[in-house]
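Structure file work.cif; described as mmCIF, N, CA and C atoms.
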```
data_run
#
loop_
_atom_site.label_atom_id
_atom_site.label_comp_id
_atom_site.auth_asym_id
_atom_site.auth_seq_id
_atom_site.Cartn_x
_atom_site.Cartn_y
_atom_site.Cartn_z
N MET H 247 0.85 -1.18 0.00
CA MET H 247 0.00 0.00 0.00
C MET H 247 0.88 1.23 0.00
N GLY H 248 0.65 2.16 -0.93
CA GLY H 248 1.44 3.37 -1.02
C GLY H 248 0.76 4.55 -0.36
N LEU H 249 1.45 5.68 -0.38
CA LEU H 249 0.93 6.90 0.24
C LEU H 249 -0.38 7.32 -0.41
N LEU H 250 -0.44 7.25 -1.74
CA LEU H 250 -1.66 7.64 -2.43
C LEU H 250 -2.83 6.76 -2.00
N ASP H 251 -2.61 5.46 -1.86
CA ASP H 251 -3.66 4.56 -1.39
C ASP H 251 -4.10 4.95 0.03
N GLY H 252 -3.13 5.28 0.86
CA GLY H 252 -3.44 5.70 2.23
C GLY H 252 -4.25 6.98 2.27
N ILE H 253 -3.89 7.92 1.41
CA ILE H 253 -4.62 9.18 1.35
C ILE H 253 -6.04 8.95 0.84
N MET H 254 -6.17 8.15 -0.22
CA MET H 254 -7.50 7.87 -0.74
C MET H 254 -8.35 7.17 0.31
N GLY H 255 -7.74 6.27 1.07
CA GLY H 255 -8.47 5.60 2.14
C GLY H 255 -8.90 6.57 3.22
N THR H 256 -8.01 7.49 3.57
CA THR H 256 -8.33 8.49 4.58
C THR H 256 -9.49 9.36 4.11
N LEU H 257 -9.45 9.79 2.85
CA LEU H 257 -10.52 10.62 2.33
C LEU H 257 -11.82 9.84 2.25
N GLY H 258 -11.74 8.57 1.92
CA GLY H 258 -12.93 7.75 1.80
C GLY H 258 -13.59 7.46 3.14
N GLN H 259 -12.87 7.61 4.23
CA GLN H 259 -13.43 7.34 5.54
C GLN H 259 -14.26 8.50 6.06
N GLY H 260 -14.24 9.63 5.36
CA GLY H 260 -15.02 10.77 5.79
C GLY H 260 -14.41 11.40 7.03
N GLY H 261 -14.28 12.71 7.01
CA GLY H 261 -13.73 13.41 8.14
C GLY H 261 -12.23 13.34 8.22
N GLY H 262 -11.60 12.54 7.39
CA GLY H 262 -10.15 12.41 7.41
C GLY H 262 -9.45 13.51 6.66
N GLY H 263 -10.19 14.29 5.89
CA GLY H 263 -9.59 15.35 5.10
C GLY H 263 -8.85 16.37 5.94
N GLY H 264 -9.42 16.73 7.08
CA GLY H 264 -8.76 17.69 7.96
C GLY H 264 -7.43 17.18 8.47
N GLN H 265 -7.38 15.89 8.81
CA GLN H 265 -6.14 15.28 9.27
C GLN H 265 -5.12 15.25 8.13
N LEU H 266 -5.58 14.94 6.94
CA LEU H 266 -4.69 14.93 5.79
C LEU H 266 -4.15 16.32 5.52
N VAL H 267 -5.01 17.33 5.58
CA VAL H 267 -4.57 18.71 5.37
C VAL H 267 -3.49 19.07 6.37
N SER H 268 -3.70 18.74 7.62
CA SER H 268 -2.70 19.03 8.65
C SER H 268 -1.39 18.32 8.37
N MET H 269 -1.46 17.05 7.94
CA MET H 269 -0.26 16.28 7.68
C MET H 269 0.52 16.86 6.51
N VAL H 270 -0.16 17.13 5.41
CA VAL H 270 0.52 17.66 4.22
C VAL H 270 1.03 19.07 4.48
N THR H 271 0.20 19.91 5.10
CA THR H 271 0.62 21.27 5.42
C THR H 271 1.81 21.26 6.35
N GLY H 272 1.77 20.42 7.37
CA GLY H 272 2.87 20.31 8.31
C GLY H 272 4.15 19.86 7.63
N PHE H 273 4.05 18.91 6.71
CA PHE H 273 5.22 18.42 6.00
C PHE H 273 5.83 19.53 5.15
N ILE H 274 4.99 20.24 4.39
CA ILE H 274 5.49 21.32 3.53
C ILE H 274 6.05 22.46 4.37
N GLN H 275 5.31 22.87 5.40
CA GLN H 275 5.78 23.98 6.23
C GLN H 275 7.00 23.57 7.05
N GLY H 276 7.10 22.32 7.42
CA GLY H 276 8.26 21.83 8.14
C GLY H 276 9.53 21.86 7.31
N HIS H 277 9.36 21.99 6.02
CA HIS H 277 10.51 22.10 5.11
C HIS H 277 10.63 23.52 4.56
N GLY H 278 10.04 24.49 5.24
CA GLY H 278 10.18 25.89 4.83
C GLY H 278 9.18 26.35 3.79
N GLY H 279 8.04 25.68 3.71
CA GLY H 279 7.04 26.06 2.73
C GLY H 279 7.51 25.72 1.32
N LEU H 280 6.84 26.29 0.35
CA LEU H 280 7.19 26.00 -1.03
C LEU H 280 8.59 26.51 -1.36
N GLU H 281 8.99 27.62 -0.77
CA GLU H 281 10.34 28.13 -0.99
C GLU H 281 11.38 27.16 -0.44
N GLY H 282 11.11 26.63 0.73
CA GLY H 282 12.02 25.65 1.32
C GLY H 282 12.10 24.38 0.49
N LEU H 283 10.94 23.93 -0.04
CA LEU H 283 10.96 22.75 -0.92
C LEU H 283 11.80 23.03 -2.15
N SER H 284 11.67 24.22 -2.70
CA SER H 284 12.47 24.60 -3.87
C SER H 284 13.96 24.51 -3.55
N GLN H 285 14.34 25.00 -2.39
CA GLN H 285 15.75 24.95 -1.98
C GLN H 285 16.23 23.51 -1.81
N LYS H 286 15.37 22.65 -1.23
CA LYS H 286 15.74 21.25 -1.04
C LYS H 286 15.94 20.56 -2.39
N PHE H 287 15.05 20.82 -3.33
CA PHE H 287 15.18 20.22 -4.66
C PHE H 287 16.43 20.76 -5.36
N ASN H 288 16.69 22.07 -5.24
CA ASN H 288 17.90 22.64 -5.83
C ASN H 288 19.14 22.00 -5.22
N GLY H 289 19.13 21.83 -3.90
CA GLY H 289 20.27 21.23 -3.21
C GLY H 289 20.54 19.80 -3.63
N ALA H 290 19.50 19.11 -4.06
CA ALA H 290 19.64 17.72 -4.51
C ALA H 290 19.91 17.64 -6.02
N GLY H 291 20.08 18.80 -6.66
CA GLY H 291 20.32 18.81 -8.10
C GLY H 291 19.08 18.58 -8.93
N LEU H 292 17.91 18.79 -8.33
CA LEU H 292 16.63 18.53 -9.01
C LEU H 292 15.77 19.78 -9.12
N GLY H 293 16.42 20.94 -9.09
CA GLY H 293 15.68 22.21 -9.15
C GLY H 293 14.86 22.37 -10.41
N ASN H 294 15.35 21.83 -11.53
CA ASN H 294 14.61 21.93 -12.78
C ASN H 294 13.26 21.21 -12.70
N ILE H 295 13.24 20.10 -11.97
CA ILE H 295 11.99 19.36 -11.81
C ILE H 295 11.00 20.18 -11.00
N PHE H 296 11.45 20.71 -9.85
CA PHE H 296 10.57 21.51 -9.01
C PHE H 296 10.08 22.73 -9.77
N GLN H 297 10.97 23.39 -10.50
CA GLN H 297 10.60 24.59 -11.24
C GLN H 297 9.52 24.30 -12.28
N SER H 298 9.55 23.09 -12.86
CA SER H 298 8.53 22.74 -13.86
C SER H 298 7.15 22.68 -13.24
N TRP H 299 7.08 22.36 -11.95
CA TRP H 299 5.78 22.28 -11.28
C TRP H 299 5.20 23.67 -11.03
N ILE H 300 6.07 24.65 -10.91
CA ILE H 300 5.63 26.03 -10.66
C ILE H 300 5.29 26.73 -11.97
N SER H 301 6.04 26.44 -13.02
CA SER H 301 5.84 27.12 -14.30
C SER H 301 4.53 26.67 -14.95
N LYS H 302 4.18 27.35 -16.01
CA LYS H 302 2.92 27.06 -16.69
C LYS H 302 3.01 25.88 -17.65
N GLY H 303 4.21 25.36 -17.89
CA GLY H 303 4.37 24.22 -18.79
C GLY H 303 4.02 22.92 -18.11
N PRO H 304 4.31 21.81 -18.79
CA PRO H 304 4.01 20.50 -18.21
C PRO H 304 4.90 20.21 -17.00
N ASN H 305 4.36 19.45 -16.06
CA ASN H 305 5.11 19.05 -14.86
C ASN H 305 6.02 17.87 -15.20
N LEU H 306 7.31 18.03 -14.91
CA LEU H 306 8.23 16.91 -15.08
C LEU H 306 7.96 15.88 -13.98
N PRO H 307 8.08 14.60 -14.31
CA PRO H 307 7.88 13.57 -13.29
C PRO H 307 9.07 13.51 -12.34
N VAL H 308 8.82 12.95 -11.17
CA VAL H 308 9.87 12.71 -10.18
C VAL H 308 9.68 11.28 -9.68
N SER H 309 10.77 10.62 -9.39
CA SER H 309 10.68 9.23 -8.93
C SER H 309 10.74 9.17 -7.40
N GLY H 310 10.35 8.04 -6.87
CA GLY H 310 10.46 7.83 -5.43
C GLY H 310 11.91 7.92 -4.97
N ASP H 311 12.83 7.41 -5.76
CA ASP H 311 14.25 7.51 -5.41
C ASP H 311 14.72 8.95 -5.35
N GLN H 312 14.23 9.78 -6.28
CA GLN H 312 14.59 11.19 -6.26
C GLN H 312 13.99 11.89 -5.03
N ILE H 313 12.77 11.52 -4.68
CA ILE H 313 12.14 12.09 -3.47
C ILE H 313 12.96 11.69 -2.24
N LEU H 314 13.41 10.45 -2.19
CA LEU H 314 14.28 10.02 -1.08
C LEU H 314 15.55 10.85 -1.02
N LYS H 315 16.11 11.16 -2.18
CA LYS H 315 17.32 11.98 -2.24
C LYS H 315 17.06 13.39 -1.70
N VAL H 316 15.89 13.93 -1.99
CA VAL H 316 15.55 15.29 -1.56
C VAL H 316 15.29 15.35 -0.06
N PHE H 317 14.48 14.45 0.46
CA PHE H 317 14.02 14.56 1.85
C PHE H 317 14.75 13.65 2.83
N GLY H 318 15.31 12.57 2.35
CA GLY H 318 15.99 11.64 3.22
C GLY H 318 15.03 10.63 3.84
N GLU H 319 15.60 9.50 4.19
CA GLU H 319 14.80 8.39 4.71
C GLU H 319 14.14 8.72 6.05
N GLN H 320 14.81 9.49 6.88
CA GLN H 320 14.26 9.80 8.20
C GLN H 320 12.98 10.64 8.10
N ASP H 321 13.01 11.71 7.31
CA ASP H 321 11.82 12.56 7.15
C ASP H 321 10.67 11.79 6.51
N LEU H 322 11.00 11.01 5.49
CA LEU H 322 9.95 10.25 4.82
C LEU H 322 9.42 9.12 5.69
N GLY H 323 10.28 8.59 6.54
CA GLY H 323 9.84 7.59 7.50
C GLY H 323 8.82 8.15 8.47
N ARG H 324 9.06 9.37 8.93
CA ARG H 324 8.09 10.03 9.84
C ARG H 324 6.77 10.29 9.12
N LEU H 325 6.85 10.76 7.89
CA LEU H 325 5.62 11.01 7.11
C LEU H 325 4.86 9.71 6.90
N GLY H 326 5.57 8.67 6.47
CA GLY H 326 4.93 7.38 6.23
C GLY H 326 4.33 6.76 7.47
N GLN H 327 4.99 6.98 8.59
CA GLN H 327 4.51 6.42 9.86
C GLN H 327 3.10 6.90 10.18
N ASN H 328 2.77 8.14 9.79
CA ASN H 328 1.42 8.66 10.02
C ASN H 328 0.35 7.86 9.30
N LEU H 329 0.76 7.15 8.24
CA LEU H 329 -0.18 6.33 7.48
C LEU H 329 0.15 4.85 7.56
N GLY H 330 1.08 4.50 8.43
CA GLY H 330 1.46 3.10 8.58
C GLY H 330 2.29 2.58 7.42
N LEU H 331 3.11 3.45 6.83
CA LEU H 331 3.92 3.09 5.67
C LEU H 331 5.40 3.25 5.98
N GLY H 332 6.23 2.63 5.17
CA GLY H 332 7.67 2.83 5.26
C GLY H 332 8.10 4.03 4.44
N ALA H 333 9.36 4.40 4.56
CA ALA H 333 9.90 5.56 3.87
C ALA H 333 9.80 5.42 2.35
N ALA H 334 10.08 4.23 1.82
CA ALA H 334 10.04 4.03 0.37
C ALA H 334 8.64 4.20 -0.18
N ASP H 335 7.63 3.70 0.53
CA ASP H 335 6.24 3.87 0.08
C ASP H 335 5.83 5.34 0.16
N ALA H 336 6.25 6.02 1.22
CA ALA H 336 5.94 7.45 1.35
C ALA H 336 6.60 8.23 0.21
N ALA H 337 7.84 7.87 -0.13
CA ALA H 337 8.54 8.55 -1.23
C ALA H 337 7.82 8.33 -2.55
N GLY H 338 7.39 7.09 -2.80
CA GLY H 338 6.67 6.80 -4.02
C GLY H 338 5.35 7.55 -4.12
N GLY H 339 4.66 7.65 -2.99
CA GLY H 339 3.40 8.41 -2.98
C GLY H 339 3.62 9.89 -3.20
N LEU H 340 4.64 10.43 -2.54
CA LEU H 340 4.94 11.86 -2.75
C LEU H 340 5.34 12.12 -4.19
N ALA H 341 6.02 11.19 -4.81
CA ALA H 341 6.41 11.34 -6.21
C ALA H 341 5.17 11.47 -7.10
N GLN H 342 4.09 10.82 -6.71
CA GLN H 342 2.84 10.90 -7.47
C GLN H 342 2.07 12.18 -7.16
N ILE H 343 2.11 12.61 -5.91
CA ILE H 343 1.26 13.70 -5.44
C ILE H 343 1.91 15.07 -5.54
N LEU H 344 3.18 15.17 -5.20
CA LEU H 344 3.84 16.46 -5.05
C LEU H 344 3.84 17.32 -6.32
N PRO H 345 4.08 16.76 -7.52
CA PRO H 345 4.05 17.64 -8.70
C PRO H 345 2.71 18.36 -8.88
N GLY H 346 1.61 17.64 -8.75
CA GLY H 346 0.30 18.26 -8.90
C GLY H 346 -0.02 19.22 -7.77
N LEU H 347 0.38 18.86 -6.56
CA LEU H 347 0.12 19.71 -5.41
C LEU H 347 0.86 21.04 -5.54
N VAL H 348 2.15 20.99 -5.85
CA VAL H 348 2.92 22.22 -6.01
C VAL H 348 2.36 23.04 -7.17
N ASP H 349 2.00 22.37 -8.25
CA ASP H 349 1.43 23.06 -9.41
C ASP H 349 0.18 23.84 -9.01
N LYS H 350 -0.70 23.19 -8.27
CA LYS H 350 -1.96 23.83 -7.88
C LYS H 350 -1.76 24.91 -6.82
N LEU H 351 -0.68 24.85 -6.06
CA LEU H 351 -0.42 25.83 -5.01
C LEU H 351 0.48 26.98 -5.48
N THR H 352 0.73 27.02 -6.79
CA THR H 352 1.53 28.10 -7.36
C THR H 352 0.81 28.68 -8.58
N PRO H 353 -0.37 29.24 -8.34
CA PRO H 353 -1.09 29.80 -9.48
C PRO H 353 -0.27 30.92 -10.14
N ASP H 354 -0.22 30.89 -11.44
CA ASP H 354 0.53 31.89 -12.21
C ASP H 354 2.00 31.95 -11.79
N GLY H 355 2.53 30.85 -11.26
CA GLY H 355 3.94 30.79 -10.88
C GLY H 355 4.28 31.48 -9.58
N VAL H 356 3.27 31.86 -8.82
CA VAL H 356 3.49 32.57 -7.55
C VAL H 356 3.11 31.63 -6.40
N PRO H 357 4.09 31.24 -5.57
CA PRO H 357 3.80 30.34 -4.45
C PRO H 357 2.90 30.99 -3.41
N VAL H 358 2.00 30.21 -2.85
CA VAL H 358 1.20 30.65 -1.72
C VAL H 358 1.87 30.13 -0.45
N SER H 359 1.59 30.77 0.68
CA SER H 359 2.21 30.35 1.94
C SER H 359 1.25 30.62 3.09
N GLY H 360 1.66 30.19 4.27
CA GLY H 360 0.90 30.44 5.50
C GLY H 360 -0.52 29.95 5.40
N GLY H 361 -1.47 30.81 5.77
CA GLY H 361 -2.88 30.46 5.75
C GLY H 361 -3.38 30.15 4.36
N ALA H 362 -2.84 30.85 3.36
CA ALA H 362 -3.24 30.59 1.98
C ALA H 362 -2.82 29.20 1.55
N LEU H 363 -1.66 28.73 2.03
CA LEU H 363 -1.21 27.38 1.72
C LEU H 363 -2.17 26.36 2.31
N GLU H 364 -2.50 26.51 3.57
CA GLU H 364 -3.41 25.57 4.22
C GLU H 364 -4.78 25.61 3.55
N SER H 365 -5.25 26.81 3.23
CA SER H 365 -6.54 26.95 2.56
C SER H 365 -6.51 26.30 1.18
N GLY H 366 -5.41 26.47 0.45
CA GLY H 366 -5.28 25.85 -0.87
C GLY H 366 -5.30 24.34 -0.78
N ILE H 367 -4.61 23.79 0.20
CA ILE H 367 -4.61 22.34 0.38
C ILE H 367 -6.01 21.87 0.77
N GLN H 368 -6.67 22.60 1.66
CA GLN H 368 -8.02 22.25 2.07
C GLN H 368 -8.96 22.24 0.87
N ASN H 369 -8.84 23.24 -0.01
CA ASN H 369 -9.69 23.30 -1.20
C ASN H 369 -9.44 22.10 -2.11
N LEU H 370 -8.17 21.71 -2.25
CA LEU H 370 -7.87 20.54 -3.07
C LEU H 370 -8.46 19.28 -2.48
N VAL H 371 -8.35 19.13 -1.16
CA VAL H 371 -8.91 17.94 -0.49
C VAL H 371 -10.42 17.94 -0.60
N SER H 372 -11.04 19.10 -0.37
CA SER H 372 -12.50 19.19 -0.44
C SER H 372 -13.02 18.86 -1.83
N GLY H 373 -12.27 19.28 -2.85
CA GLY H 373 -12.67 19.04 -4.22
C GLY H 373 -12.29 17.67 -4.74
N GLY H 374 -11.54 16.94 -3.95
CA GLY H 374 -11.12 15.61 -4.35
C GLY H 374 -9.67 15.58 -4.75
N ILE H 375 -8.99 14.53 -4.37
CA ILE H 375 -7.57 14.38 -4.64
C ILE H 375 -7.30 14.34 -6.14
N GLY H 376 -8.30 14.00 -6.93
CA GLY H 376 -8.13 13.96 -8.37
C GLY H 376 -7.74 15.30 -8.97
N LYS H 377 -8.05 16.41 -8.29
CA LYS H 377 -7.66 17.72 -8.78
C LYS H 377 -6.15 17.87 -8.87
N LEU H 378 -5.43 17.09 -8.11
CA LEU H 378 -3.97 17.18 -8.16
C LEU H 378 -3.42 16.66 -9.47
N PHE H 379 -4.20 15.87 -10.18
CA PHE H 379 -3.72 15.24 -11.39
C PHE H 379 -4.37 15.82 -12.64
N GLY H 380 -5.33 16.72 -12.47
CA GLY H 380 -6.04 17.28 -13.62
C GLY H 380 -5.52 18.59 -14.09
#
```
structure tokens encoding of this file:
Amino acid sequence: MGLLDGIMGTLGQGGGGGQLVSMVTGFIQGHGGLEGLSQKFNGAGLGNIFQSWISKGPNLPVSGDQILKVFGEQDLGRLGQNLGLGAADAAGGLAQILPGLVDKLTPDGVPVSGGALESGIQNLVSGGIGKLFG
């Protein structure tokens, strides 16, 4: 079971969206918000991938191994633990979710932060996780 499966299960249980919003928001804000994520990707030599998610062009894919390189096994282990997953499964799930999430949270290439970030994530969860891929 991957992170995406865990998230879909959480959303399907009703009332889990708020917990998911807190988890995702906490993870992003714990890494310095979208600006901090950009720095982490740049530091791992993957800045071009992150930048594609912000720009108006197509989102470049990212692999679970690349996500592990960016965040490290310890951080991903903590994230996965919230859903009963290992670090590798959390990395694979983030590889599926993060491009769409960052894309949707950077309208017109301008990152949102703070309350706007949490509100943006809440809107995505309320509208369905499928919005991250559309």
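Note that the spacing between atom C of Leu344 in chain H and atom N of Gln320 in chain H amounts to 18.9 Å.
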field: Test item: residues at most 7 Å from range 333-338 of chain H, only N, CA and C atoms, excluding those fewer than 4 positions along its chain, as a list in words
entry: Met247, Gly248, Leu249, Leu250, Ser309, Gly310, Asp311, Ile313, Leu314, Glu319, Gln320, Asp321, Leu322, Gly323, Arg324, Leu325, Gly326, Gln327, Gln342 and Ile343 of chain H
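Taking CA of Gln312 in chain H and CA of Pro357 in chain H as endpoints, the distance between them is 22.1 Å.
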task: Provide the CA of Pro345 in chain H to CA of Gly278 in chain H distance in Å, to one decimal place.
output: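 Atom-to-atom, CA of Pro345 in chain H to CA of Gly278 in chain H, that is 17.0 Å.
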As JSON, please: the centre and edge lengths in Å, to one decimal, of an axis-aligned box enclosing every listed atom of range 319-322 of chain H with 4 Å added on each side.
```
{"center_x": 12.5, "center_y": 10.5, "center_z": 6.2, "size_x": 14.2, "size_y": 12.2, "size_z": 12.0}
```
Which residues would end up in the selection if the PyMOL selection byres (((chain H and resi 349 and name CA) around 9) and name CA) were applied here, given that I need the answer as a PDB file with N, CA and C atoms, in the coordinates of the input?
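Ended up saving to result_27.pdb:
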```pdb
ATOM      1  N   SER H 298       9.550  23.090 -12.860  1.00  0.00           N
ATOM      2  CA  SER H 298       8.530  22.740 -13.860  1.00  0.00           C
ATOM      3  C   SER H 298       7.150  22.680 -13.240  1.00  0.00           C
ATOM      4  N   TRP H 299       7.080  22.360 -11.950  1.00  0.00           N
ATOM      5  CA  TRP H 299       5.780  22.280 -11.280  1.00  0.00           C
ATOM      6  C   TRP H 299       5.200  23.670 -11.030  1.00  0.00           C
ATOM      7  N   ILE H 300       6.070  24.650 -10.910  1.00  0.00           N
ATOM      8  CA  ILE H 300       5.630  26.030 -10.660  1.00  0.00           C
ATOM      9  C   ILE H 300       5.290  26.730 -11.970  1.00  0.00           C
ATOM     10  N   SER H 301       6.040  26.440 -13.020  1.00  0.00           N
ATOM     11  CA  SER H 301       5.840  27.120 -14.300  1.00  0.00           C
ATOM     12  C   SER H 301       4.530  26.670 -14.950  1.00  0.00           C
ATOM     13  N   LYS H 302       4.180  27.350 -16.010  1.00  0.00           N
ATOM     14  CA  LYS H 302       2.920  27.060 -16.690  1.00  0.00           C
ATOM     15  C   LYS H 302       3.010  25.880 -17.650  1.00  0.00           C
ATOM     16  N   ASN H 305       4.360  19.450 -16.060  1.00  0.00           N
ATOM     17  CA  ASN H 305       5.110  19.050 -14.860  1.00  0.00           C
ATOM     18  C   ASN H 305       6.020  17.870 -15.200  1.00  0.00           C
ATOM     19  N   LEU H 344       3.180  15.170  -5.200  1.00  0.00           N
ATOM     20  CA  LEU H 344       3.840  16.460  -5.050  1.00  0.00           C
ATOM     21  C   LEU H 344       3.840  17.320  -6.320  1.00  0.00           C
ATOM     22  N   PRO H 345       4.080  16.760  -7.520  1.00  0.00           N
ATOM     23  CA  PRO H 345       4.050  17.640  -8.700  1.00  0.00           C
ATOM     24  C   PRO H 345       2.710  18.360  -8.880  1.00  0.00           C
ATOM     25  N   GLY H 346       1.610  17.640  -8.750  1.00  0.00           N
ATOM     26  CA  GLY H 346       0.300  18.260  -8.900  1.00  0.00           C
ATOM     27  C   GLY H 346      -0.020  19.220  -7.770  1.00  0.00           C
ATOM     28  N   LEU H 347       0.380  18.860  -6.560  1.00  0.00           N
ATOM     29  CA  LEU H 347       0.120  19.710  -5.410  1.00  0.00           C
ATOM     30  C   LEU H 347       0.860  21.040  -5.540  1.00  0.00           C
ATOM     31  N   VAL H 348       2.150  20.990  -5.850  1.00  0.00           N
ATOM     32  CA  VAL H 348       2.920  22.220  -6.010  1.00  0.00           C
ATOM     33  C   VAL H 348       2.360  23.040  -7.170  1.00  0.00           C
ATOM     34  N   LYS H 350      -0.700  23.190  -8.270  1.00  0.00           N
ATOM     35  CA  LYS H 350      -1.960  23.830  -7.880  1.00  0.00           C
ATOM     36  C   LYS H 350      -1.760  24.910  -6.820  1.00  0.00           C
ATOM     37  N   LEU H 351      -0.680  24.850  -6.060  1.00  0.00           N
ATOM     38  CA  LEU H 351      -0.420  25.830  -5.010  1.00  0.00           C
ATOM     39  C   LEU H 351       0.480  26.980  -5.480  1.00  0.00           C
ATOM     40  N   THR H 352       0.730  27.020  -6.790  1.00  0.00           N
ATOM     41  CA  THR H 352       1.530  28.100  -7.360  1.00  0.00           C
ATOM     42  C   THR H 352       0.810  28.680  -8.580  1.00  0.00           C
ATOM     43  N   PRO H 353      -0.370  29.240  -8.340  1.00  0.00           N
ATOM     44  CA  PRO H 353      -1.090  29.800  -9.480  1.00  0.00           C
ATOM     45  C   PRO H 353      -0.270  30.920 -10.140  1.00  0.00           C
ATOM     46  N   GLY H 355       2.530  30.850 -11.260  1.00  0.00           N
ATOM     47  CA  GLY H 355       3.940  30.790 -10.880  1.00  0.00           C
ATOM     48  C   GLY H 355       4.280  31.480  -9.580  1.00  0.00           C
ATOM     49  N   LEU H 378      -5.430  17.090  -8.110  1.00  0.00           N
ATOM     50  CA  LEU H 378      -3.970  17.180  -8.160  1.00  0.00           C
ATOM     51  C   LEU H 378      -3.420  16.660  -9.470  1.00  0.00           C
TER      52      LEU H 378
END
```
Members of range 277-363 of chain H assigned helix (DSSP H, G or I) by DSSP, as a VMD selection string: chain H and resid 279 to 289 293 to 300 310 to 327 333 to 350 353 to 355 360 to 363
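Of the listed residues (H:Leu280, H:Ala290, H:Gly272, H:Leu340), H:Ala290 comes nearest to Lys315 in chain H; the distances count only C-alpha atoms.
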